$ cat target.pdb   # PDB, C-alpha atoms
ATOM      1  CA  MET Q 114     -45.552  17.008 -69.459
ATOM      2  CA  ASP Q 115     -45.556  15.389 -72.878
ATOM      3  CA  PHE Q 116     -47.961  12.516 -73.439
ATOM      4  CA  VAL Q 117     -47.511  10.600 -76.672
ATOM      5  CA  ASP Q 118     -49.043   7.280 -77.534
ATOM      6  CA  ILE Q 119     -50.057   5.026 -80.398
ATOM      7  CA  LEU Q 120     -53.082   2.844 -79.763
ATOM      8  CA  TYR Q 121     -55.397   0.454 -81.491
ATOM      9  CA  GLU Q 122     -58.475   1.567 -79.574
ATOM     10  CA  LYS Q 123     -61.020   4.295 -80.203
ATOM     11  CA  LEU Q 124     -59.696   7.619 -78.939
ATOM     12  CA  SER Q 125     -61.541   9.489 -76.234
ATOM     13  CA  VAL Q 126     -61.396  13.192 -76.887
ATOM     14  CA  GLU Q 127     -62.604  13.922 -73.376
ATOM     15  CA  ASP Q 128     -59.946  11.767 -71.694
ATOM     16  CA  ILE Q 129     -57.184  13.330 -73.746
ATOM     17  CA  SER Q 130     -58.399  16.802 -72.924
ATOM     18  CA  ASP Q 131     -58.386  15.835 -69.237
ATOM     19  CA  MET Q 132     -54.805  14.634 -69.576
ATOM     20  CA  VAL Q 133     -53.554  18.079 -70.455
ATOM     21  CA  SER Q 134     -55.856  20.440 -68.669
ATOM     22  CA  SER Q 135     -54.589  22.040 -65.514
ATOM     23  CA  PRO Q 136     -55.802  24.556 -62.958
ATOM     24  CA  SER Q 137     -53.050  26.949 -64.044
ATOM     25  CA  CYS Q 138     -54.188  26.946 -67.671
ATOM     26  CA  GLY Q 139     -56.948  29.004 -69.180
ATOM     27  CA  ALA Q 140     -56.852  27.218 -72.515
ATOM     28  CA  VAL Q 141     -56.824  23.721 -73.936
ATOM     29  CA  SER Q 142     -56.566  23.702 -77.722
ATOM     30  CA  MET Q 143     -57.245  20.527 -79.635
ATOM     31  CA  PHE Q 144     -56.996  19.112 -83.119
ATOM     32  CA  ILE Q 145     -58.937  15.985 -83.992
ATOM     33  CA  GLY Q 146     -58.219  14.276 -87.324
ATOM     34  CA  THR Q 147     -61.125  12.150 -88.491
ATOM     35  CA  THR Q 148     -61.661   9.686 -91.295
ATOM     36  CA  ARG Q 149     -63.375  11.292 -94.249
ATOM     37  CA  ASP Q 150     -65.840   9.298 -96.343
ATOM     38  CA  ASN Q 151     -64.621  10.311 -99.754
ATOM     39  CA  PHE Q 152     -61.528  10.950-101.794
ATOM     40  CA  ASP Q 153     -61.395  11.938-105.434
ATOM     41  CA  GLY Q 154     -64.976  10.943-106.065
ATOM     42  CA  LYS Q 155     -64.501   7.513-104.527
ATOM     43  CA  GLN Q 156     -66.369   6.396-101.460
ATOM     44  CA  VAL Q 157     -63.985   5.625 -98.616
ATOM     45  CA  LEU Q 158     -65.173   2.949 -96.203
ATOM     46  CA  LYS Q 159     -62.386   3.176 -93.717
ATOM     47  CA  LEU Q 160     -58.745   3.952 -93.207
ATOM     48  CA  ASP Q 161     -56.215   1.357 -92.178
ATOM     49  CA  TYR Q 162     -53.239   2.840 -90.357
ATOM     50  CA  GLU Q 163     -49.822   1.287 -89.899
ATOM     51  CA  ALA Q 164     -46.940   2.644 -87.835
ATOM     52  CA  TYR Q 165     -43.241   2.091 -87.174
ATOM     53  CA  ILE Q 166     -44.186   2.398 -83.565
ATOM     54  CA  PRO Q 167     -40.909   3.039 -81.706
ATOM     55  CA  MET Q 168     -39.703   5.558 -84.277
ATOM     56  CA  ALA Q 169     -43.101   7.221 -84.482
ATOM     57  CA  LYS Q 170     -43.176   7.766 -80.726
ATOM     58  CA  ARG Q 171     -39.660   9.148 -80.869
ATOM     59  CA  LYS Q 172     -40.673  11.608 -83.581
ATOM     60  CA  MET Q 173     -43.800  12.566 -81.647
ATOM     61  CA  LEU Q 174     -41.623  13.425 -78.643
ATOM     62  CA  GLU Q 175     -39.385  15.476 -80.943
ATOM     63  CA  VAL Q 176     -42.451  17.399 -82.076
ATOM     64  CA  CYS Q 177     -43.225  18.113 -78.426
ATOM     65  CA  ALA Q 178     -39.675  19.347 -77.826
ATOM     66  CA  SER Q 179     -39.869  21.556 -80.875
ATOM     67  CA  ILE Q 180     -43.155  23.006 -79.653
ATOM     68  CA  ARG Q 181     -41.615  23.865 -76.296
ATOM     69  CA  GLN Q 182     -38.772  25.669 -78.034
ATOM     70  CA  GLN Q 183     -41.270  27.938 -79.737
ATOM     71  CA  TRP Q 184     -44.185  28.392 -77.331
ATOM     72  CA  ASP Q 185     -44.703  28.501 -73.633
ATOM     73  CA  VAL Q 186     -47.213  25.693 -73.168
ATOM     74  CA  HIS Q 187     -48.039  23.519 -70.205
ATOM     75  CA  ASN Q 188     -48.987  19.956 -71.211
ATOM     76  CA  ILE Q 189     -48.940  18.356 -74.639
ATOM     77  CA  ALA Q 190     -50.744  15.178 -75.682
ATOM     78  CA  ILE Q 191     -50.389  13.607 -79.122
ATOM     79  CA  ILE Q 192     -52.286  10.355 -79.462
ATOM     80  CA  HIS Q 193     -52.514   8.462 -82.760
ATOM     81  CA  ARG Q 194     -54.766   5.529 -83.412
ATOM     82  CA  ILE Q 195     -53.648   2.748 -85.746
ATOM     83  CA  GLY Q 196     -55.356  -0.250 -87.295
ATOM     84  CA  VAL Q 197     -58.733   0.235 -88.893
ATOM     85  CA  VAL Q 198     -60.408   3.594 -88.241
ATOM     86  CA  PRO Q 199     -63.989   3.803 -89.543
ATOM     87  CA  VAL Q 200     -65.403   6.926 -91.153
ATOM     88  CA  LYS Q 201     -65.976   9.854 -88.814
ATOM     89  CA  GLU Q 202     -63.853   8.388 -86.026
ATOM     90  CA  ALA Q 203     -60.684  10.074 -84.846
ATOM     91  CA  SER Q 204     -57.290   8.858 -85.994
ATOM     92  CA  ILE Q 205     -55.318  11.525 -84.181
ATOM     93  CA  VAL Q 206     -55.974  13.820 -81.247
ATOM     94  CA  ILE Q 207     -53.592  16.598 -80.307
ATOM     95  CA  ALA Q 208     -54.307  18.528 -77.113
ATOM     96  CA  ILE Q 209     -52.177  21.305 -75.695
ATOM     97  CA  SER Q 210     -52.788  23.415 -72.632
ATOM     98  CA  SER Q 211     -51.451  26.861 -71.992
ATOM     99  CA  GLU Q 212     -52.161  29.760 -69.717
ATOM    100  CA  HIS Q 213     -53.606  31.837 -72.531
ATOM    101  CA  ARG Q 214     -55.081  30.687 -75.800
ATOM    102  CA  LYS Q 215     -52.587  32.096 -78.331
ATOM    103  CA  GLU Q 216     -49.781  29.694 -77.475
ATOM    104  CA  SER Q 217     -51.778  26.486 -77.490
ATOM    105  CA  LEU Q 218     -53.709  27.389 -80.633
ATOM    106  CA  GLU Q 219     -50.516  28.084 -82.539
ATOM    107  CA  ALA Q 220     -48.736  25.072 -81.086
ATOM    108  CA  VAL Q 221     -51.528  22.711 -82.128
ATOM    109  CA  HIS Q 222     -51.355  24.015 -85.684
ATOM    110  CA  PHE Q 223     -47.617  23.447 -85.769
ATOM    111  CA  ALA Q 224     -48.021  20.017 -84.191
ATOM    112  CA  ILE Q 225     -50.360  18.595 -86.804
ATOM    113  CA  ASP Q 226     -48.417  20.098 -89.706
ATOM    114  CA  THR Q 227     -45.162  18.653 -88.416
ATOM    115  CA  MET Q 228     -46.678  15.281 -87.559
ATOM    116  CA  LYS Q 229     -47.852  14.979 -91.138
ATOM    117  CA  ALA Q 230     -44.361  15.600 -92.459
ATOM    118  CA  ILE Q 231     -42.115  13.430 -90.318
ATOM    119  CA  VAL Q 232     -43.877  10.748 -88.338
ATOM    120  CA  PRO Q 233     -43.558   7.218 -89.779
ATOM    121  CA  ILE Q 234     -47.242   6.359 -89.859
ATOM    122  CA  TRP Q 235     -49.089   5.414 -93.040
ATOM    123  CA  LYS Q 236     -52.717   5.200 -93.978
ATOM    124  CA  LYS Q 237     -54.380   3.121 -96.604
ATOM    125  CA  GLU Q 238     -57.764   4.174 -97.909
ATOM    126  CA  ILE Q 239     -60.197   1.300 -98.369
ATOM    127  CA  TYR Q 240     -62.774   2.134-101.012
ATOM    128  CA  ALA Q 241     -66.304   0.872-101.473
ATOM    129  CA  ASP Q 242     -65.342  -1.000-104.641
ATOM    130  CA  GLU Q 243     -62.812  -3.046-102.633
ATOM    131  CA  ALA Q 244     -59.809  -1.350-104.147
ATOM    132  CA  SER Q 245     -57.408   0.387-101.792
ATOM    133  CA  ALA Q 246     -54.552   2.831-101.965
ATOM    134  CA  TRP Q 247     -51.674   3.887 -99.744
ATOM    135  CA  LYS Q 248     -51.809   7.638 -99.253
ATOM    136  CA  HIS Q 249     -49.094  10.158 -98.730
ATOM    137  CA  ASN Q 250     -49.133  13.634 -97.218
ATOM    138  CA  LYS Q 251     -48.104  16.592 -99.307
ATOM    139  CA  GLU Q 252     -46.086  17.699 -96.253
ATOM    140  CA  CYS Q 253     -43.872  14.637 -96.641
ATOM    141  CA  ALA Q 254     -40.612  15.742 -98.217
ATOM    142  CA  TRP Q 255     -39.914  12.484-100.022
ATOM    143  CA  ALA Q 256     -43.329  12.231-101.604
ATOM    144  CA  GLU Q 257     -42.572  14.842-104.281
ATOM    145  CA  GLU Q 258     -43.282  14.024-107.884
ATOM    146  CA  LEU Q 259     -45.191  10.871-107.194
ATOM    147  CA  PRO Q 260     -47.008   9.838-110.358
ATOM    148  CA  ASN Q 261     -50.757   9.868-110.230
ATOM    149  CA  THR Q 262     -51.277   6.350-111.534
ATOM    150  CA  GLN Q 263     -54.478   4.462-111.037
ATOM    151  CA  ASN Q 264     -54.906   0.741-110.741
ATOM    152  CA  SER Q 265     -58.206  -0.484-109.472
ATOM    153  CA  GLU Q 266     -57.058  -3.945-108.509
ATOM    154  CA  ASN Q 267     -53.892  -3.460-106.504
ATOM    155  CA  ALA Q 268     -52.830  -1.002-103.836
ATOM    156  CA  VAL Q 269     -51.068   1.934-105.466
ATOM    157  CA  ILE Q 270     -49.782   5.253-104.278
ATOM    158  CA  VAL Q 271     -52.282   7.993-105.048
ATOM    159  CA  VAL Q 272     -51.438  11.684-104.841
ATOM    160  CA  ASP Q 273     -53.076  13.244-101.834
ATOM    161  CA  LYS Q 274     -54.062  16.716-102.903
ATOM    162  CA  LEU Q 275     -55.678  17.721 -99.684
TER     163      LEU Q 275
ATOM    164  CA  ILE Z  33     -28.710  -6.088 -89.880
ATOM    165  CA  ASN Z  34     -32.424  -6.041 -89.201
ATOM    166  CA  LEU Z  35     -34.415  -4.669 -92.108
ATOM    167  CA  LEU Z  36     -38.038  -3.562 -91.682
ATOM    168  CA  PHE Z  37     -40.620  -2.835 -94.349
ATOM    169  CA  PHE Z  38     -43.730  -0.713 -94.023
ATOM    170  CA  ALA Z  39     -46.829   0.148 -96.006
ATOM    171  CA  LYS Z  40     -46.347  -0.202 -99.749
ATOM    172  CA  SER Z  41     -42.816  -1.557 -99.358
ATOM    173  CA  LYS Z  42     -44.131  -4.298 -97.078
ATOM    174  CA  GLU Z  43     -46.762  -5.230 -99.655
ATOM    175  CA  ILE Z  44     -44.218  -5.373-102.460
ATOM    176  CA  VAL Z  45     -41.733  -7.490-100.570
ATOM    177  CA  GLY Z  46     -44.333  -9.623 -98.811
ATOM    178  CA  GLN Z  47     -42.742  -9.478 -95.390
ATOM    179  CA  LYS Z  48     -42.457  -6.996 -92.530
ATOM    180  CA  GLN Z  49     -38.969  -7.860 -91.491
ATOM    181  CA  THR Z  50     -35.875  -9.675 -92.610
ATOM    182  CA  GLN Z  51     -32.113  -9.729 -92.185
ATOM    183  CA  ILE Z  52     -29.685  -8.270 -94.686
ATOM    184  CA  TYR Z  53     -25.900  -8.236 -95.004
ATOM    185  CA  LEU Z  54     -24.390  -4.849 -95.683
ATOM    186  CA  PRO Z  55     -20.842  -3.522 -95.586
ATOM    187  CA  LYS Z  56     -19.915  -1.982 -92.242
ATOM    188  CA  LYS Z  57     -18.794   1.393 -93.492
ATOM    189  CA  THR Z  58     -21.281   2.671 -96.000
ATOM    190  CA  THR Z  59     -23.639   5.453 -97.034
ATOM    191  CA  GLY Z  60     -27.395   5.824 -97.211
ATOM    192  CA  LYS Z  61     -27.229   5.568-100.988
ATOM    193  CA  ASN Z  62     -25.268   2.303-100.833
ATOM    194  CA  ILE Z  63     -27.639   0.830 -98.301
ATOM    195  CA  LEU Z  64     -30.593   1.576-100.554
ATOM    196  CA  GLU Z  65     -28.790  -0.014-103.486
ATOM    197  CA  GLY Z  66     -28.048  -3.081-101.380
ATOM    198  CA  ILE Z  67     -31.720  -3.342-100.489
ATOM    199  CA  LEU Z  68     -32.814  -2.894-104.105
ATOM    200  CA  ASN Z  69     -30.405  -5.613-105.199
ATOM    201  CA  GLU Z  70     -32.021  -8.043-102.869
ATOM    202  CA  PHE Z  71     -35.575  -6.826-103.426
ATOM    203  CA  PRO Z  72     -35.757  -5.526-106.983
ATOM    204  CA  GLY Z  73     -39.539  -5.150-106.733
ATOM    205  CA  LEU Z  74     -38.863  -2.088-104.579
ATOM    206  CA  GLN Z  75     -37.479  -0.253-107.587
ATOM    207  CA  LEU Z  76     -41.056   0.756-108.237
ATOM    208  CA  ILE Z  77     -41.064   3.043-105.217
ATOM    209  CA  ALA Z  78     -37.332   3.583-104.766
ATOM    210  CA  ASN Z  79     -37.463   7.242-105.764
ATOM    211  CA  ASN Z  80     -39.881   8.073-103.010
ATOM    212  CA  VAL Z  81     -38.666   6.194 -99.982
ATOM    213  CA  VAL Z  82     -36.264   7.219 -97.296
ATOM    214  CA  LEU Z  83     -34.357   4.969 -94.955
ATOM    215  CA  SER Z  84     -34.001   5.087 -91.231
ATOM    216  CA  LEU Z  85     -31.150   3.673 -89.180
ATOM    217  CA  ASN Z  86     -31.934   2.931 -85.548
ATOM    218  CA  GLU Z  87     -35.004   5.122 -85.749
ATOM    219  CA  GLU Z  88     -33.316   8.174 -87.233
ATOM    220  CA  TYR Z  89     -33.755   9.221 -90.833
ATOM    221  CA  ILE Z  90     -30.661   8.971 -93.029
ATOM    222  CA  ASP Z  91     -30.201  10.394 -96.483
ATOM    223  CA  ASN Z  92     -28.147   9.351 -99.491
ATOM    224  CA  ASN Z  93     -25.057  11.075 -98.238
ATOM    225  CA  THR Z  94     -25.179  10.058 -94.607
ATOM    226  CA  GLU Z  95     -22.077   8.054 -93.787
ATOM    227  CA  VAL Z  96     -22.617   5.272 -91.307
ATOM    228  CA  ASN Z  97     -20.740   2.531 -89.524
ATOM    229  CA  LEU Z  98     -23.111  -0.377 -89.222
ATOM    230  CA  ARG Z  99     -23.016  -2.766 -86.297
ATOM    231  CA  ALA Z 100     -24.721  -6.045 -85.509
ATOM    232  CA  GLY Z 101     -28.144  -5.382 -84.070
ATOM    233  CA  ASP Z 102     -28.666  -2.180 -86.073
ATOM    234  CA  GLU Z 103     -32.119  -1.683 -87.498
ATOM    235  CA  ILE Z 104     -32.862  -0.195 -90.905
ATOM    236  CA  ALA Z 105     -36.369   0.563 -92.102
ATOM    237  CA  VAL Z 106     -37.710   1.357 -95.554
ATOM    238  CA  ILE Z 107     -39.979   4.369 -95.121
ATOM    239  CA  PRO Z 108     -42.411   5.160 -97.949
ATOM    240  CA  PRO Z 109     -44.014   8.616 -98.014
ATOM    241  CA  VAL Z 110     -45.806   9.066 -94.711
ATOM    242  CA  SER Z 111     -49.490   9.734 -94.305
ATOM    243  CA  GLY Z 112     -50.153   9.918 -90.606
ATOM    244  CA  GLY Z 113     -52.070  12.566 -88.755
TER     245      GLY Z 113
END
$ encode --input "target.pdb" --output "structure tokens"
Amino acid sequence: MDFVDILYEKLSVEDISDMVSSPSCGAVSMFIGTTRDNFDGKQVLKLDYEAYIPMAKRKMLEVCASIRQQWDVHNIAIIHRIGVVPVKEASIVIAISSEHRKESLEAVHFAIDTMKAIVPIWKKEIYADEASAWKHNKECAWAEELPNTQNSENAVIVVDKL
Amino acid sequence: INLLFFAKSKEIVGQKQTQIYLPKKTTGKNILEGILNEFPGLQLIANNVVLSLNEEYIDNNTEVNLRAGDEIAVIPPVSGG
């Protein structure tokens, strides 16, 4: 089964792991993306996520389908949190179960890489000095050649090197 | 046609959603130009956005036949995950 969702609440890693685990599976592999407290020397207070929800869910299901074409896995859960996510809390949890560990480990890696490239979700970093910036993933094909301009008063697009 | 804005594009335009008139038979490139005509502030990010039509990405060359009720979104570089 594929479980995808976009929520405003704090994500429970344990619940999501329970969603995918199964008596027939010897492995549940997970990726948890958490808010980091710094970028480029600036202190990040929190991330504010926005999503084109129906399209994002559609793309998340496509990621699941693509995973199943490449690996024999049992259950897949991709859950993304939106709204404000404070430092250290999870913004995304991906959990995949499989009989043996190789498939789910590889599938999770593929899942997060692909999510970062195609899913219409955006994050804005909110810095300690009250400035903020919309980020973009280097995996995103249409983010190439974005200028690295800096404006401390207004939201700008800052190159995400990481 | 329903037109949605997200992230930086929403901040530039100042609204999340609006209606726009576009020719029925058109291409991704023409749709973007139509949007830029109406919202010239978007020129700032025009080189780095893509469009979606009814929740599927379209590119400059995609030929489309638009219908009432279609939904187009301006998609700045994504940063989910």
$ resolve_selection --input "target.pdb" --expression "the PyMOL selection byres ((chain Q and resi 229) around 7)" --output "PyMOL selection string"
(chain Q and resi 225-228+230-232+250+252-253) or (chain Z and resi 111-113)
$ interface_residues --input "target.pdb" --of "chain Z" --to "chain Q" --cutoff "7 Å" --atoms "all atoms listed in the file" --output "PDB file with C-alpha atoms, in the frame of the given file"
ATOM      1  CA  ALA Z  39     -46.829   0.148 -96.006  1.00  0.00           C
ATOM      2  CA  LYS Z  40     -46.347  -0.202 -99.749  1.00  0.00           C
ATOM      3  CA  ASN Z  80     -39.881   8.073-103.010  1.00  0.00           C
ATOM      4  CA  VAL Z  81     -38.666   6.194 -99.982  1.00  0.00           C
ATOM      5  CA  VAL Z  82     -36.264   7.219 -97.296  1.00  0.00           C
ATOM      6  CA  GLU Z  87     -35.004   5.122 -85.749  1.00  0.00           C
ATOM      7  CA  PRO Z 109     -44.014   8.616 -98.014  1.00  0.00           C
ATOM      8  CA  VAL Z 110     -45.806   9.066 -94.711  1.00  0.00           C
ATOM      9  CA  SER Z 111     -49.490   9.734 -94.305  1.00  0.00           C
ATOM     10  CA  GLY Z 112     -50.153   9.918 -90.606  1.00  0.00           C
ATOM     11  CA  GLY Z 113     -52.070  12.566 -88.755  1.00  0.00           C
TER      12      GLY Z 113
END
$ residues_around --input "target.pdb" --residues "Gly46 (chain Z)" --least-positions-apart "6" --cutoff "12 Å" --atoms "all atoms listed in the file" --output "JSON, numbers by chain"
{"Z": [36, 37, 38, 39, 40, 71, 73, 74]}
$ atom_distance --input "target.pdb" --atom1 "CA of Ser211 (chain Q)" --atom2 "CA of Val176 (chain Q)"
16.5 Å
$ residues_around --input "target.pdb" --residues "Arg99 (chain Z)" --least-positions-apart "2" --cutoff "9 Å" --atoms "all atoms listed in the file" --output "PyMOL selection string"
chain Z and resi 33+56+97+101-102
$ closest_residue --input "target.pdb" --among "Q:Val126, Q:Ser217, Q:Leu120, Q:Tyr240" --to "Arg149 (chain Q)" --atoms "all atoms listed in the file"
Q:Tyr240
$ closest_residue --input "target.pdb" --among "Z:Asn86, Z:Asn92, Z:Gln47, Z:Thr58" --to "Ile104 (chain Z)" --atoms "all atoms listed in the file"
Z:Asn86
$ resolve_selection --input "target.pdb" --expression "the PyMOL selection byres ((chain Z and resi 59) around 12)" --output "ChimeraX atom specification"
/Z:54-58,60-66,83-85,90-98
$ atom_distance --input "target.pdb" --atom1 "CA of Ile209 (chain Q)" --atom2 "CA of Tyr121 (chain Q)"
21.9 Å
$ closest_residue --input "target.pdb" --among "Q:Cys138, Q:Val157, Q:Val198, Q:Ile180" --to "Leu124 (chain Q)" --atoms "only C-alpha atoms"
Q:Val198
$ atom_distance --input "target.pdb" --atom1 "CA of Gln75 (chain Z)" --atom2 "CA of Ile239 (chain Q)"
24.6 Å
$ closest_residue --input "target.pdb" --among "Q:Ala178, Q:Val200, Q:Ala220, Q:Val133" --to "Phe116 (chain Q)" --atoms "all atoms listed in the file"
Q:Val133
$ resolve_selection --input "target.pdb" --expression "the PyMOL selection byres ((chain Q and resi 134) around 9)" --output "list in words"
Ile129, Ser130, Asp131, Met132, Val133, Ser135, Pro136, Ser137, Cys138, Gly139, Ala140, Val141, His187, Asn188, Ala208, Ile209, Ser210 and Ser211 of chain Q
